[in-house]
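Structure file structure-v6.txt (compact mmCIF, C-alpha atoms) is printed below.
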```txt
# COMPACT_ATOMS: atom_id res chain seq x y z
CA MET A 1 24.83 133.34 -9.77
CA MET A 2 27.80 132.16 -7.70
CA ILE A 3 30.63 133.78 -5.76
CA GLN A 4 34.12 133.68 -7.27
CA GLN A 5 36.87 133.76 -4.65
CA LEU A 6 39.90 133.13 -6.85
CA ALA A 7 41.45 135.67 -9.22
CA GLU A 8 39.96 134.06 -12.33
CA PRO A 9 36.54 132.41 -12.76
CA PRO A 10 36.36 128.70 -13.62
CA LYS A 11 36.77 128.08 -17.34
CA ALA A 12 33.88 127.10 -19.57
CA ASP A 13 35.55 123.76 -20.34
CA SER A 14 36.20 122.95 -16.68
CA PRO A 15 36.20 119.20 -15.97
CA PHE A 16 34.17 119.98 -12.84
CA LEU A 17 31.42 121.64 -14.88
CA LYS A 18 31.39 118.71 -17.32
CA ALA A 19 31.22 116.16 -14.50
CA ILE A 20 28.42 118.00 -12.67
CA GLN A 21 26.37 118.43 -15.83
CA ALA A 22 26.80 114.81 -16.85
CA TYR A 23 25.95 113.38 -13.43
CA THR A 24 22.94 115.59 -12.78
CA ASN A 25 21.73 115.70 -16.39
CA THR A 26 21.62 119.49 -16.16
CA LYS A 27 22.87 122.32 -18.34
CA LEU A 28 24.37 125.06 -16.19
CA ASP A 29 24.83 128.70 -17.12
CA ILE A 30 26.81 130.32 -14.29
CA SER A 31 27.52 133.99 -13.60
CA TRP A 32 30.67 134.03 -11.45
CA ILE A 33 30.83 137.27 -9.43
CA PRO A 34 34.09 138.28 -7.67
CA GLY A 35 33.81 138.08 -3.90
CA ALA A 36 36.52 140.55 -2.86
CA GLY A 37 35.35 143.05 -0.25
CA THR A 38 31.65 143.79 -0.66
CA ALA A 39 31.60 143.24 -4.44
CA TYR A 40 29.55 140.06 -4.35
CA ASP A 41 27.04 141.29 -1.76
CA ASP A 42 26.63 144.58 -3.62
CA LYS A 43 25.92 142.65 -6.82
CA VAL A 44 23.35 140.49 -5.04
CA SER A 45 21.57 143.58 -3.69
CA ALA A 46 21.56 145.21 -7.13
CA THR A 47 20.31 142.01 -8.77
CA ILE A 48 17.47 141.65 -6.28
CA ALA A 49 16.53 145.31 -6.71
CA SER A 50 16.46 144.92 -10.51
CA GLY A 51 13.94 142.10 -10.31
CA SER A 52 15.89 140.25 -13.01
CA LEU A 53 17.19 137.27 -11.10
CA PRO A 54 18.79 133.94 -12.10
CA ASP A 55 17.10 130.62 -11.33
CA VAL A 56 19.50 130.02 -8.43
CA ILE A 57 21.51 132.59 -6.45
CA LEU A 58 23.94 132.36 -3.54
CA ILE A 59 22.96 134.69 -0.67
CA ARG A 60 25.46 135.57 2.05
CA ARG A 61 24.81 137.54 5.27
CA THR A 62 21.35 136.05 5.28
CA LYS A 63 20.09 137.83 8.41
CA GLU A 64 21.26 141.34 7.50
CA SER A 65 18.55 143.82 6.48
CA PRO A 66 18.55 143.73 2.63
CA ASN A 67 18.73 139.93 2.39
CA LEU A 68 16.43 139.45 5.35
CA ASN A 69 13.82 141.73 3.79
CA ALA A 70 14.13 139.91 0.46
CA GLN A 71 13.41 136.58 2.14
CA MET A 72 10.51 137.89 4.21
CA SER A 73 8.93 139.78 1.32
CA GLY A 74 8.55 136.68 -0.84
CA VAL A 75 11.43 137.13 -3.30
CA PHE A 76 12.47 133.47 -2.86
CA TRP A 77 10.62 130.17 -2.69
CA GLU A 78 9.98 128.89 0.82
CA LEU A 79 11.54 125.43 0.73
CA THR A 80 10.50 123.90 4.05
CA PRO A 81 7.51 121.92 2.66
CA TYR A 82 9.58 120.36 -0.15
CA LEU A 83 12.72 119.05 1.56
CA LYS A 84 11.10 115.86 2.88
CA ASP A 85 10.59 114.63 -0.69
CA TYR A 86 14.30 114.43 -1.54
CA LYS A 87 16.81 111.76 -0.51
CA ASN A 88 19.64 114.09 0.53
CA LEU A 89 17.83 117.35 1.20
CA SER A 90 15.62 115.59 3.74
CA LYS A 91 18.75 114.70 5.73
CA MET A 92 20.22 118.20 5.90
CA SER A 93 21.78 119.28 9.18
CA GLU A 94 18.91 120.12 11.54
CA ILE A 95 20.98 122.83 13.21
CA ALA A 96 21.84 124.42 9.85
CA VAL A 97 18.17 124.39 8.83
CA GLN A 98 17.05 125.84 12.16
CA ASN A 99 19.64 128.63 12.19
CA ALA A 100 19.07 129.54 8.55
CA SER A 101 15.29 129.70 8.96
CA ILE A 102 13.25 132.81 9.66
CA SER A 103 10.38 132.17 12.07
CA GLY A 104 10.52 128.51 11.13
CA LYS A 105 10.58 129.09 7.36
CA LEU A 106 13.54 128.30 5.10
CA TYR A 107 14.11 130.45 2.01
CA GLY A 108 17.14 128.66 0.61
CA LEU A 109 19.40 125.68 1.18
CA PRO A 110 21.93 126.38 3.92
CA ARG A 111 25.46 125.34 2.96
CA GLU A 112 26.37 123.03 5.82
CA ARG A 113 29.53 123.80 7.77
CA VAL A 114 31.30 122.15 10.69
CA LEU A 115 29.55 123.03 13.96
CA SER A 116 32.14 122.56 16.74
CA ARG A 117 34.90 124.29 14.82
CA TYR A 118 36.53 126.77 17.22
CA GLY A 119 39.42 126.07 19.55
CA MET A 120 43.09 126.69 20.26
CA ILE A 121 46.05 126.46 17.86
CA PHE A 122 49.41 126.31 19.61
CA ARG A 123 53.13 125.59 19.36
CA LYS A 124 53.55 122.02 20.57
CA ASP A 125 57.35 122.33 20.37
CA TRP A 126 57.24 125.31 22.76
CA LEU A 127 55.15 123.28 25.17
CA ASP A 128 57.68 120.44 24.99
CA ASN A 129 60.64 122.82 25.38
CA LEU A 130 59.17 124.01 28.68
CA GLY A 131 58.15 120.55 29.87
CA LEU A 132 54.49 121.57 30.02
CA GLN A 133 51.32 119.60 29.34
CA GLU A 134 48.55 120.64 26.96
CA PRO A 135 46.20 122.92 28.95
CA LYS A 136 42.92 121.34 30.08
CA THR A 137 41.31 124.25 31.96
CA VAL A 138 41.18 128.03 31.69
CA ASP A 139 43.63 128.23 34.60
CA ASP A 140 46.02 125.88 32.76
CA LEU A 141 45.64 127.97 29.66
CA TYR A 142 46.65 131.12 31.53
CA LYS A 143 49.69 129.41 33.08
CA VAL A 144 50.90 128.03 29.73
CA ALA A 145 50.40 131.40 28.02
CA LYS A 146 52.33 133.10 30.82
CA ALA A 147 55.17 130.59 30.46
CA PHE A 148 55.24 131.22 26.71
CA THR A 149 55.66 134.92 27.55
CA GLU A 150 58.27 134.72 30.30
CA ASN A 151 60.24 131.46 30.02
CA ASP A 152 61.94 131.63 26.61
CA PRO A 153 59.91 128.83 24.96
CA ASP A 154 61.89 128.99 21.69
CA LYS A 155 65.17 128.68 23.64
CA ASP A 156 66.96 131.50 21.80
CA GLY A 157 68.02 133.25 25.01
CA LYS A 158 65.94 136.35 24.21
CA ASN A 159 62.82 137.85 25.75
CA ASN A 160 60.99 138.05 22.41
CA THR A 161 57.87 135.89 22.71
CA PHE A 162 54.40 136.24 24.16
CA GLY A 163 51.59 133.84 24.91
CA ILE A 164 48.51 134.57 22.81
CA GLN A 165 48.07 136.27 19.46
CA GLU A 166 44.85 138.24 19.28
CA ASP A 167 43.30 140.68 16.80
CA ALA A 168 40.32 143.01 16.78
CA THR A 169 37.83 140.11 16.82
CA MET A 170 38.93 139.22 20.39
CA GLU A 171 38.26 135.55 19.68
CA LEU A 172 39.93 134.51 22.95
CA LEU A 173 37.28 136.43 24.91
CA LYS A 174 34.45 134.63 23.13
CA GLN A 175 35.96 131.22 23.75
CA LEU A 176 36.85 131.89 27.39
CA THR A 177 33.21 132.85 28.00
CA VAL A 178 32.02 129.56 26.50
CA TYR A 179 34.61 127.56 28.50
CA ASN A 180 33.27 129.25 31.64
CA GLY A 181 29.79 127.95 30.80
CA GLY A 182 28.52 131.21 29.31
CA PRO A 183 26.71 131.85 26.04
CA ASN A 184 28.19 132.04 22.56
CA GLY A 185 27.00 135.51 21.58
CA TRP A 186 23.44 135.04 22.88
CA GLY A 187 22.06 132.39 25.20
CA LEU A 188 19.23 131.51 27.56
CA GLN A 189 19.45 132.72 31.15
CA ASP A 190 16.56 132.75 33.65
CA GLY A 191 14.05 132.32 30.84
CA LYS A 192 15.38 135.22 28.76
CA VAL A 193 17.58 135.29 25.66
CA VAL A 194 20.48 137.54 26.69
CA PRO A 195 23.83 138.64 25.20
CA ASP A 196 27.03 137.17 26.60
CA PHE A 197 28.30 140.47 28.00
CA VAL A 198 25.56 140.74 30.65
CA THR A 199 26.56 137.38 32.19
CA THR A 200 28.97 136.67 35.06
CA GLU A 201 30.78 134.10 32.88
CA PHE A 202 31.63 136.81 30.38
CA LYS A 203 32.78 139.29 33.02
CA SER A 204 35.11 136.65 34.47
CA ALA A 205 36.55 136.09 30.98
CA LEU A 206 36.85 139.84 30.37
CA ASP A 207 38.77 140.37 33.62
CA LEU A 208 41.15 137.50 32.79
CA TYR A 209 41.68 138.99 29.33
CA LYS A 210 42.51 142.35 30.94
CA LYS A 211 44.99 140.63 33.23
CA MET A 212 46.63 138.93 30.26
CA VAL A 213 46.99 142.24 28.43
CA SER A 214 48.47 143.93 31.51
CA GLU A 215 51.01 141.07 31.87
CA LYS A 216 51.93 141.22 28.14
CA ILE A 217 50.55 137.70 27.61
CA VAL A 218 48.32 139.27 24.96
CA SER A 219 50.05 142.04 23.02
CA GLU A 220 48.34 145.36 23.66
CA ASP A 221 48.43 146.15 19.93
CA PHE A 222 45.82 143.43 19.33
CA PRO A 223 43.19 145.91 18.02
CA ILE A 224 45.38 146.57 14.97
CA ALA A 225 47.37 143.31 14.80
CA LYS A 226 46.99 141.19 11.69
CA LYS A 227 45.68 137.70 12.36
CA TYR A 228 48.29 134.91 12.14
CA ASP A 229 51.27 137.30 11.70
CA TYR A 230 52.83 137.05 15.17
CA PHE A 231 52.25 133.30 15.29
CA ASN A 232 53.80 132.79 11.85
CA GLN A 233 56.76 134.98 12.83
CA GLY A 234 57.46 132.74 15.83
CA LYS A 235 56.60 135.48 18.31
CA ALA A 236 53.30 134.14 19.73
CA GLY A 237 52.68 130.65 21.09
CA MET A 238 48.95 130.24 20.54
CA TYR A 239 45.82 131.80 19.14
CA PHE A 240 42.10 131.01 19.05
CA SER A 241 40.24 130.44 15.81
CA VAL A 242 38.64 127.70 13.73
CA ILE A 243 41.10 124.89 14.35
CA ASP A 244 41.38 123.85 10.70
CA ASP A 245 43.40 127.07 10.27
CA ALA A 246 46.23 125.01 11.75
CA THR A 247 46.36 122.82 8.63
CA THR A 248 46.52 125.65 6.08
CA ARG A 249 47.89 128.86 7.61
CA HIS A 250 51.34 127.76 8.76
CA VAL A 251 52.68 125.54 6.00
CA ASP A 252 55.50 127.93 5.03
CA MET A 253 56.47 128.39 8.66
CA MET A 254 56.84 124.64 9.20
CA LYS A 255 58.74 124.18 5.94
CA ALA A 256 61.19 126.92 6.94
CA ASP A 257 61.88 125.32 10.33
CA PRO A 258 61.25 121.56 10.70
CA LYS A 259 61.39 121.92 14.50
CA VAL A 260 58.12 123.88 14.47
CA GLN A 261 55.18 121.73 15.59
CA VAL A 262 51.68 123.18 15.32
CA ASP A 263 48.90 121.44 17.26
CA VAL A 264 45.25 122.02 18.15
CA ALA A 265 42.96 121.62 21.17
CA GLU A 266 39.23 122.02 21.82
CA ASN A 267 38.36 120.14 25.00
CA PHE A 268 38.70 122.42 28.01
CA ASP A 269 37.13 121.52 31.35
CA GLY A 270 34.95 124.23 32.87
CA PRO A 271 32.56 124.65 35.80
CA THR A 272 29.69 123.14 33.80
CA GLY A 273 31.71 120.61 31.80
CA GLN A 274 33.28 120.87 28.35
CA HIS A 275 31.91 123.28 25.78
CA VAL A 276 33.10 124.30 22.31
CA ARG A 277 32.25 127.61 20.67
CA ALA A 278 30.18 126.66 17.65
CA THR A 279 29.54 128.16 14.25
CA PHE A 280 25.99 128.73 12.98
CA GLY A 281 26.34 125.34 11.28
CA TYR A 282 25.92 126.91 7.86
CA ASP A 283 27.37 129.54 5.57
CA SER A 284 25.12 131.31 3.06
CA LEU A 285 21.93 130.17 1.34
CA ILE A 286 21.39 128.72 -2.12
CA ALA A 287 18.12 130.51 -2.90
CA ILE A 288 15.61 130.09 -5.71
CA PRO A 289 13.89 133.34 -6.82
CA LYS A 290 10.18 133.27 -7.61
CA SER A 291 10.48 135.84 -10.41
CA SER A 292 12.55 133.49 -12.58
CA VAL A 293 11.24 130.14 -11.29
CA LYS A 294 7.54 130.71 -11.68
CA ASP A 295 6.03 127.30 -10.99
CA GLU A 296 6.49 124.21 -8.84
CA ALA A 297 7.52 122.05 -11.77
CA LYS A 298 10.62 124.19 -12.42
CA LEU A 299 11.26 124.48 -8.67
CA LYS A 300 11.26 120.70 -8.33
CA GLU A 301 13.66 120.34 -11.27
CA ILE A 302 16.11 122.64 -9.47
CA LEU A 303 15.64 120.86 -6.15
CA THR A 304 16.31 117.54 -7.91
CA PHE A 305 19.58 118.97 -9.25
CA LEU A 306 20.56 120.29 -5.81
CA ASP A 307 19.61 116.98 -4.20
CA LYS A 308 21.94 115.14 -6.60
CA MET A 309 24.74 117.51 -5.55
CA GLY A 310 24.48 115.78 -2.16
CA ASP A 311 25.21 112.33 -3.63
CA ASP A 312 28.54 110.71 -2.79
CA ALA A 313 29.74 111.05 -6.38
CA MET A 314 29.30 114.84 -6.30
CA LEU A 315 30.68 115.21 -2.78
CA THR A 316 33.72 113.22 -3.89
CA LEU A 317 34.13 115.57 -6.87
CA ILE A 318 33.78 118.74 -4.78
CA ASN A 319 35.78 117.55 -1.75
CA ALA A 320 38.53 115.55 -3.47
CA GLY A 321 38.60 116.81 -7.05
CA VAL A 322 38.93 114.90 -10.31
CA GLU A 323 40.39 111.40 -10.07
CA GLY A 324 43.73 111.13 -11.88
CA VAL A 325 44.15 114.91 -11.87
CA ASP A 326 43.72 115.90 -8.23
CA TYR A 327 43.99 112.51 -6.53
CA ASN A 328 44.62 108.83 -7.05
CA VAL A 329 42.82 106.08 -5.17
CA GLU A 330 45.09 104.02 -2.93
CA ASP A 331 43.72 101.49 -0.43
CA GLY A 332 40.25 102.91 -0.92
CA LYS A 333 41.29 106.47 -0.06
CA ALA A 334 41.94 109.53 -2.19
CA LYS A 335 45.61 110.43 -2.10
CA LYS A 336 46.22 114.01 -3.21
CA ILE A 337 48.50 114.52 -6.18
CA ALA A 338 51.26 117.04 -5.42
CA GLY A 339 50.51 120.44 -6.92
CA ALA A 340 46.87 119.62 -7.68
CA LYS A 341 44.50 122.57 -7.47
CA GLY A 342 41.46 120.62 -6.32
CA SER A 343 37.95 121.93 -6.80
CA GLU A 344 38.84 125.61 -6.28
CA ASP A 345 35.67 127.73 -6.62
CA TRP A 346 33.52 124.72 -7.44
CA GLN A 347 33.55 123.98 -3.72
CA ASN A 348 31.02 126.82 -3.39
CA PHE A 349 28.41 124.50 -4.93
CA ARG A 350 28.62 122.14 -1.96
CA TRP A 351 25.77 122.39 0.51
CA GLY A 352 26.41 118.98 2.11
CA SER A 353 29.13 117.63 4.39
CA GLN A 354 32.77 118.42 3.73
CA PHE A 355 33.48 114.86 4.91
CA GLY A 356 31.14 113.27 2.35
CA GLY A 357 32.21 111.13 -0.59
CA ILE A 358 35.48 109.26 -0.77
CA GLN A 359 37.73 109.32 2.28
CA ILE A 360 40.73 111.56 1.72
CA GLU A 361 44.18 110.61 2.97
CA LYS A 362 45.16 113.15 5.60
CA THR A 363 48.18 114.29 7.56
CA PRO A 364 48.18 113.45 11.29
CA LEU A 365 47.18 117.06 12.08
CA GLU A 366 44.32 117.01 9.54
CA THR A 367 43.15 113.72 11.02
CA LYS A 368 43.18 115.17 14.54
CA VAL A 369 41.20 118.22 13.41
CA GLU A 370 38.57 116.04 11.73
CA THR A 371 38.38 113.77 14.78
CA LEU A 372 37.75 116.77 17.04
CA PHE A 373 35.14 118.17 14.64
CA LYS A 374 33.19 114.91 14.65
CA GLY A 375 33.75 113.93 18.26
CA ASN A 376 32.83 117.31 19.72
CA PHE A 377 29.63 117.89 17.75
CA ASP A 378 27.48 117.56 20.86
CA LEU A 379 29.69 120.00 22.79
CA GLY A 380 28.97 122.83 20.37
CA VAL A 381 27.41 125.92 21.94
CA VAL A 382 25.43 127.73 19.24
CA ASP A 383 24.61 131.43 19.26
CA LEU A 384 20.90 131.27 20.11
CA SER A 385 20.16 134.48 18.20
CA ALA A 386 21.08 132.78 14.88
CA SER A 387 17.55 131.43 14.51
CA LEU A 388 15.70 134.35 16.13
CA MET A 389 14.16 137.58 14.90
CA SER A 390 14.24 141.04 16.47
CA GLU A 391 13.13 144.12 14.58
CA THR A 392 15.14 146.34 16.92
CA ASN A 393 18.27 144.28 16.34
CA THR A 394 17.77 144.46 12.58
CA GLN A 395 17.50 148.25 12.77
CA LYS A 396 20.15 149.16 15.32
CA GLY A 397 21.79 145.99 16.66
CA ALA A 398 25.05 146.44 14.72
CA ASP A 399 25.63 149.97 16.07
CA LEU A 400 24.75 148.92 19.61
CA LYS A 401 27.10 145.94 19.42
CA LYS A 402 29.93 148.12 18.09
CA ALA A 403 29.67 150.34 21.15
CA ILE A 404 29.99 147.28 23.40
CA THR A 405 32.95 145.94 21.43
CA ASP A 406 34.65 149.33 21.74
CA ALA A 407 34.02 149.28 25.49
CA GLU A 408 35.47 145.76 25.77
CA THR A 409 38.65 146.89 24.03
CA LYS A 410 38.99 150.00 26.19
CA TYR A 411 38.35 148.03 29.37
CA VAL A 412 41.02 145.40 28.75
CA LEU A 413 43.52 148.09 27.73
CA GLY A 414 42.85 149.97 30.98
CA ALA A 415 41.25 152.98 29.27
CA LEU A 416 37.89 152.21 30.91
CA ASP A 417 37.35 151.34 34.57
CA GLU A 418 34.71 149.14 36.19
CA LYS A 419 32.16 151.96 36.32
CA GLY A 420 32.86 152.85 32.69
CA TRP A 421 32.22 149.26 31.63
CA ASN A 422 28.97 149.05 33.61
CA ASP A 423 27.87 152.39 32.14
CA ALA A 424 28.50 151.07 28.62
CA VAL A 425 26.34 148.01 29.30
CA GLU A 426 23.60 150.20 30.79
CA LYS A 427 23.73 152.51 27.77
CA TRP A 428 23.34 149.48 25.51
CA ARG A 429 20.31 148.38 27.49
CA LYS A 430 18.60 151.76 27.40
CA GLY A 431 19.54 152.40 23.77
CA GLY A 432 17.57 149.40 22.55
CA GLY A 433 19.33 146.40 24.05
CA ASP A 434 16.55 145.57 26.50
CA LYS A 435 14.11 145.73 23.60
CA ILE A 436 16.25 143.25 21.64
CA ILE A 437 16.28 140.91 24.64
CA GLU A 438 12.49 141.19 24.86
CA GLU A 439 11.98 140.53 21.13
CA TYR A 440 14.45 137.64 20.94
CA THR A 441 12.86 136.05 24.02
CA ALA A 442 9.36 136.40 22.55
CA ASP A 443 10.49 134.80 19.27
CA TYR A 444 12.29 132.02 21.15
CA ASN A 445 9.19 131.25 23.20
CA LYS A 446 7.02 131.32 20.09
CA ASN A 447 9.30 128.94 18.18
CA SER A 448 9.66 126.68 21.21
CA GLY A 449 5.90 126.49 21.68
CA LYS A 450 6.03 128.21 25.07
```
Rendering of file as structure tokens:
Amino acid sequence: MMIQQLAEPPKADSPFLKAIQAYTNTKLDISWIPGAGTAYDDKVSATIASGSLPDVILIRRTKESPNLNAQMSGVFWELTPYLKDYKNLSKMSEIAVQNASISGKLYGLPRERVLSRYGMIFRKDWLDNLGLQEPKTVDDLYKVAKAFTENDPDKDGKNNTFGIQEDATMELLKQLTVYNGGPNGWGLQDGKVVPDFVTTEFKSALDLYKKMVSEKIVSEDFPIAKKYDYFNQGKAGMYFSVIDDATTRHVDMMKADPKVQVDVAENFDGPTGQHVRATFGYDSLIAIPKSSVKDEAKLKEILTFLDKMGDDAMLTLINAGVEGVDYNVEDGKAKKIAGAKGSEDWQNFRWGSQFGGIQIEKTPLETKVETLFKGNFDLGVVDLSASLMSETNTQKGADLKKAITDAETKYVLGALDEKGWNDAVEKWRKGGGDKIIEEYTADYNKNSGK
């Protein structure tokens, strides 16, 4: 059972299906389930509840209650003891395995994703128009964003631009905290696993964010603004996101105006060096239900198939497509054929590296993004809670976090003062937050052998 993200599911005579089946010597029967909204996750929950499960199923939101309970209650095979026996599976990303595990046990294959993926996307032509350098510190970042707001960076003689596009996710706040040396969501401080918003690094970032909103550097409609819109309309000069957005989200904008130059940055100097906000290192689990796969022999057949999906031939197929249809090989690299659709939803079968298989010819911007991804791996600051368990967080963490997010928004918009912010944090603590800290810390110490 696999998620379908395009309007139509892959066809039964797909060359991808034929190539996968031939290479792995496997016959596949796939139920493609639309992924719009909550449709896929609802179907997963219903399928688990029915007890009639496929041999292999993709599980998203792996640490949310229904899927967490399914893993912990023995619905799926625990794969940790088996991975060492397979050429590719034994080399899976250690961070992905750790973050996908529950108390050290892995109930599916984590689909590996780039770790150090977050950063800044900005208008390089605006920077050049104003004679400014790419920002290297948080202070630089503020000054550039202010110049983008006040100094007519598009040179049209109008006061119609602002520095930073934000939306309800407040991604800038998360990244500023990390640049300041703070945690990414949750981190270790004085021997305890604590949320970012109780740290001084976060409060410094929050106050700067508030200043930016008050100076119109960040538009005060950010809670309802649609991501990318202001940037694509030429109204905002930068935003913070996964930096590969730069290669896909602004193609029409650059075609419409050849003067537009979109660039990316990740390396900002902070008080404790350079840090990059990291992902969990994985997205979803490829899980194997015990009800349909009843013995080890069948389990090992499936793991053999999945292991082969990590071979270069399969990574080339998933990452580059079908030779002669999606790309041609020139000088040892895959050169994309104009108009080719690529692997479309078949990419969801990839659990290994997106850089595996044949090298793909890239634009200068795509090359820069990949270089930053690879070069900044060790700078990635991972949310420590990704690999930890807290019963209180499972039960009420989402509601508690929503109250904090609401308070953050109100504070930066000036609707909440210093006391109001401190009261919100205290309410979070008393409402279960301190218990979450206690439980996360206990699990961290247990897993770390302390």
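One distance worth recording is that between atom CA of A:Asp311 and atom CA of A:Lys84, which is 15.9 Å.
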Between atom CA of A:Thr316 and atom CA of A:Asp55 - distance in Å to one decimal: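 Here the two named atoms are 25.2 Å from each other.
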Atomic separation - atom CA of A:Glu78 relative to atom CA of A:Lys105, Å: 6.6 Å
Would you give me, as a tab-separated table, each residue of stretch 178-208 of chain A having an atom within 12 Å of an atom of stretch 155-172 of chain A, along with its shortest atom pair and that distance in Å to one decimal, using all atoms listed in the file and sorting by chain and residue number?
```
residue	atom	partner	partner_atom	distance
A:Val178	CA	A:Leu172	CA	10.0
A:Tyr179	CA	A:Leu172	CA	10.4
A:Asn184	CA	A:Glu171	CA	11.0
A:Gly185	CA	A:Glu171	CA	11.4
A:Phe202	CA	A:Leu172	CA	11.4
A:Ala205	CA	A:Leu172	CA	8.9
A:Leu206	CA	A:Leu172	CA	9.6
A:Leu208	CA	A:Leu172	CA	10.4
```
Spatial neighbours of stretch 213-220 of chain A, 10 Å, all atoms listed in the file, chain gap at least 4 places, as a ChimeraX atom specification: /A:142-150,161-167,172,207-209,224-225,230,236-237,239,409,412-414
Residue neighbourhood stretch 339-349 of chain A, 8 Å, all atoms listed in the file, exclusion window fewer than 2 positions, as an MDAnalysis selection string: chainID A and resid 2:6 9:10 16 309 317:322 325:327 336:337 351
Protein, DNA and RNA residues within 12 Å of (43.8, 126.4, 32.2), only C-alpha atoms, as a PyMOL selection string: chain A and resi 120+132-146+176+179-180+208+267-271
Shell of 9 Å around A:Ala313, only C-alpha atoms, local chain residues under 5 positions omitted, as a list in words: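 The filter keeps Tyr23, Lys308, Ile318, Gly357 and Ile358 of chain A.
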Keeping only C-alpha atoms, write the selected residues as a PDB file, keeping the file's coordinate frame.
```pdb
ATOM      1  CA  TYR A  23      25.950 113.380 -13.430  1.00  0.00           C
ATOM      2  CA  LYS A 308      21.940 115.140  -6.600  1.00  0.00           C
ATOM      3  CA  ILE A 318      33.780 118.740  -4.780  1.00  0.00           C
ATOM      4  CA  GLY A 357      32.210 111.130  -0.590  1.00  0.00           C
ATOM      5  CA  ILE A 358      35.480 109.260  -0.770  1.00  0.00           C
TER       6      ILE A 358
END
```
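With all atoms listed in the file as the basis for measurement, A:Thr304 is the residue among A:Asn445, A:Ser93, A:Gln175, A:Thr304 that approaches A:Thr24 most closely.
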Some atoms are missing, so please complete stretch 229-233 of chain A with all heavy atoms and return it as a PDB file, in the coordinates of the input.
```
ATOM      1  N   ASP A 229      49.924 136.767  11.951  1.00  0.00           N
ATOM      2  CA  ASP A 229      51.270 137.300  11.700  1.00  0.00           C
ATOM      3  C   ASP A 229      52.246 136.950  12.815  1.00  0.00           C
ATOM      4  O   ASP A 229      53.330 136.414  12.561  1.00  0.00           O
ATOM      5  CB  ASP A 229      51.229 138.813  11.492  1.00  0.00           C
ATOM      6  CG  ASP A 229      51.005 139.177  10.031  1.00  0.00           C
ATOM      7  OD1 ASP A 229      50.700 138.261   9.233  1.00  0.00           O
ATOM      8  OD2 ASP A 229      51.121 140.368   9.685  1.00  0.00           O
ATOM      9  N   TYR A 230      51.904 137.287  14.065  1.00  0.00           N
ATOM     10  CA  TYR A 230      52.830 137.050  15.170  1.00  0.00           C
ATOM     11  C   TYR A 230      53.102 135.555  15.349  1.00  0.00           C
ATOM     12  O   TYR A 230      54.217 135.143  15.651  1.00  0.00           O
ATOM     13  CB  TYR A 230      52.296 137.642  16.467  1.00  0.00           C
ATOM     14  CG  TYR A 230      52.419 139.153  16.549  1.00  0.00           C
ATOM     15  CD1 TYR A 230      51.369 139.940  17.013  1.00  0.00           C
ATOM     16  CD2 TYR A 230      53.590 139.793  16.168  1.00  0.00           C
ATOM     17  CE1 TYR A 230      51.474 141.310  17.096  1.00  0.00           C
ATOM     18  CE2 TYR A 230      53.710 141.174  16.244  1.00  0.00           C
ATOM     19  CZ  TYR A 230      52.644 141.928  16.709  1.00  0.00           C
ATOM     20  OH  TYR A 230      52.762 143.292  16.782  1.00  0.00           O
ATOM     21  N   PHE A 231      52.067 134.744  15.166  1.00  0.00           N
ATOM     22  CA  PHE A 231      52.250 133.300  15.290  1.00  0.00           C
ATOM     23  C   PHE A 231      53.187 132.801  14.197  1.00  0.00           C
ATOM     24  O   PHE A 231      54.127 132.038  14.465  1.00  0.00           O
ATOM     25  CB  PHE A 231      50.889 132.599  15.201  1.00  0.00           C
ATOM     26  CG  PHE A 231      50.929 131.138  15.536  1.00  0.00           C
ATOM     27  CD1 PHE A 231      50.798 130.701  16.854  1.00  0.00           C
ATOM     28  CD2 PHE A 231      51.082 130.178  14.541  1.00  0.00           C
ATOM     29  CE1 PHE A 231      50.830 129.349  17.164  1.00  0.00           C
ATOM     30  CE2 PHE A 231      51.122 128.820  14.845  1.00  0.00           C
ATOM     31  CZ  PHE A 231      50.998 128.409  16.157  1.00  0.00           C
ATOM     32  N   ASN A 232      52.964 133.232  12.971  1.00  0.00           N
ATOM     33  CA  ASN A 232      53.800 132.790  11.850  1.00  0.00           C
ATOM     34  C   ASN A 232      55.240 133.319  11.938  1.00  0.00           C
ATOM     35  O   ASN A 232      56.150 132.730  11.363  1.00  0.00           O
ATOM     36  CB  ASN A 232      53.175 133.225  10.517  1.00  0.00           C
ATOM     37  CG  ASN A 232      52.084 132.268  10.069  1.00  0.00           C
ATOM     38  OD1 ASN A 232      52.088 131.098  10.418  1.00  0.00           O
ATOM     39  ND2 ASN A 232      51.129 132.769   9.306  1.00  0.00           N
ATOM     40  N   GLN A 233      55.415 134.428  12.654  1.00  0.00           N
ATOM     41  CA  GLN A 233      56.760 134.980  12.830  1.00  0.00           C
ATOM     42  C   GLN A 233      57.494 134.350  14.011  1.00  0.00           C
ATOM     43  O   GLN A 233      58.635 134.716  14.308  1.00  0.00           O
ATOM     44  CB  GLN A 233      56.668 136.503  13.045  1.00  0.00           C
ATOM     45  CG  GLN A 233      56.211 137.265  11.817  1.00  0.00           C
ATOM     46  CD  GLN A 233      55.757 138.683  12.151  1.00  0.00           C
ATOM     47  OE1 GLN A 233      55.943 139.168  13.273  1.00  0.00           O
ATOM     48  NE2 GLN A 233      55.142 139.355  11.188  1.00  0.00           N
TER      49      GLN A 233
END
```
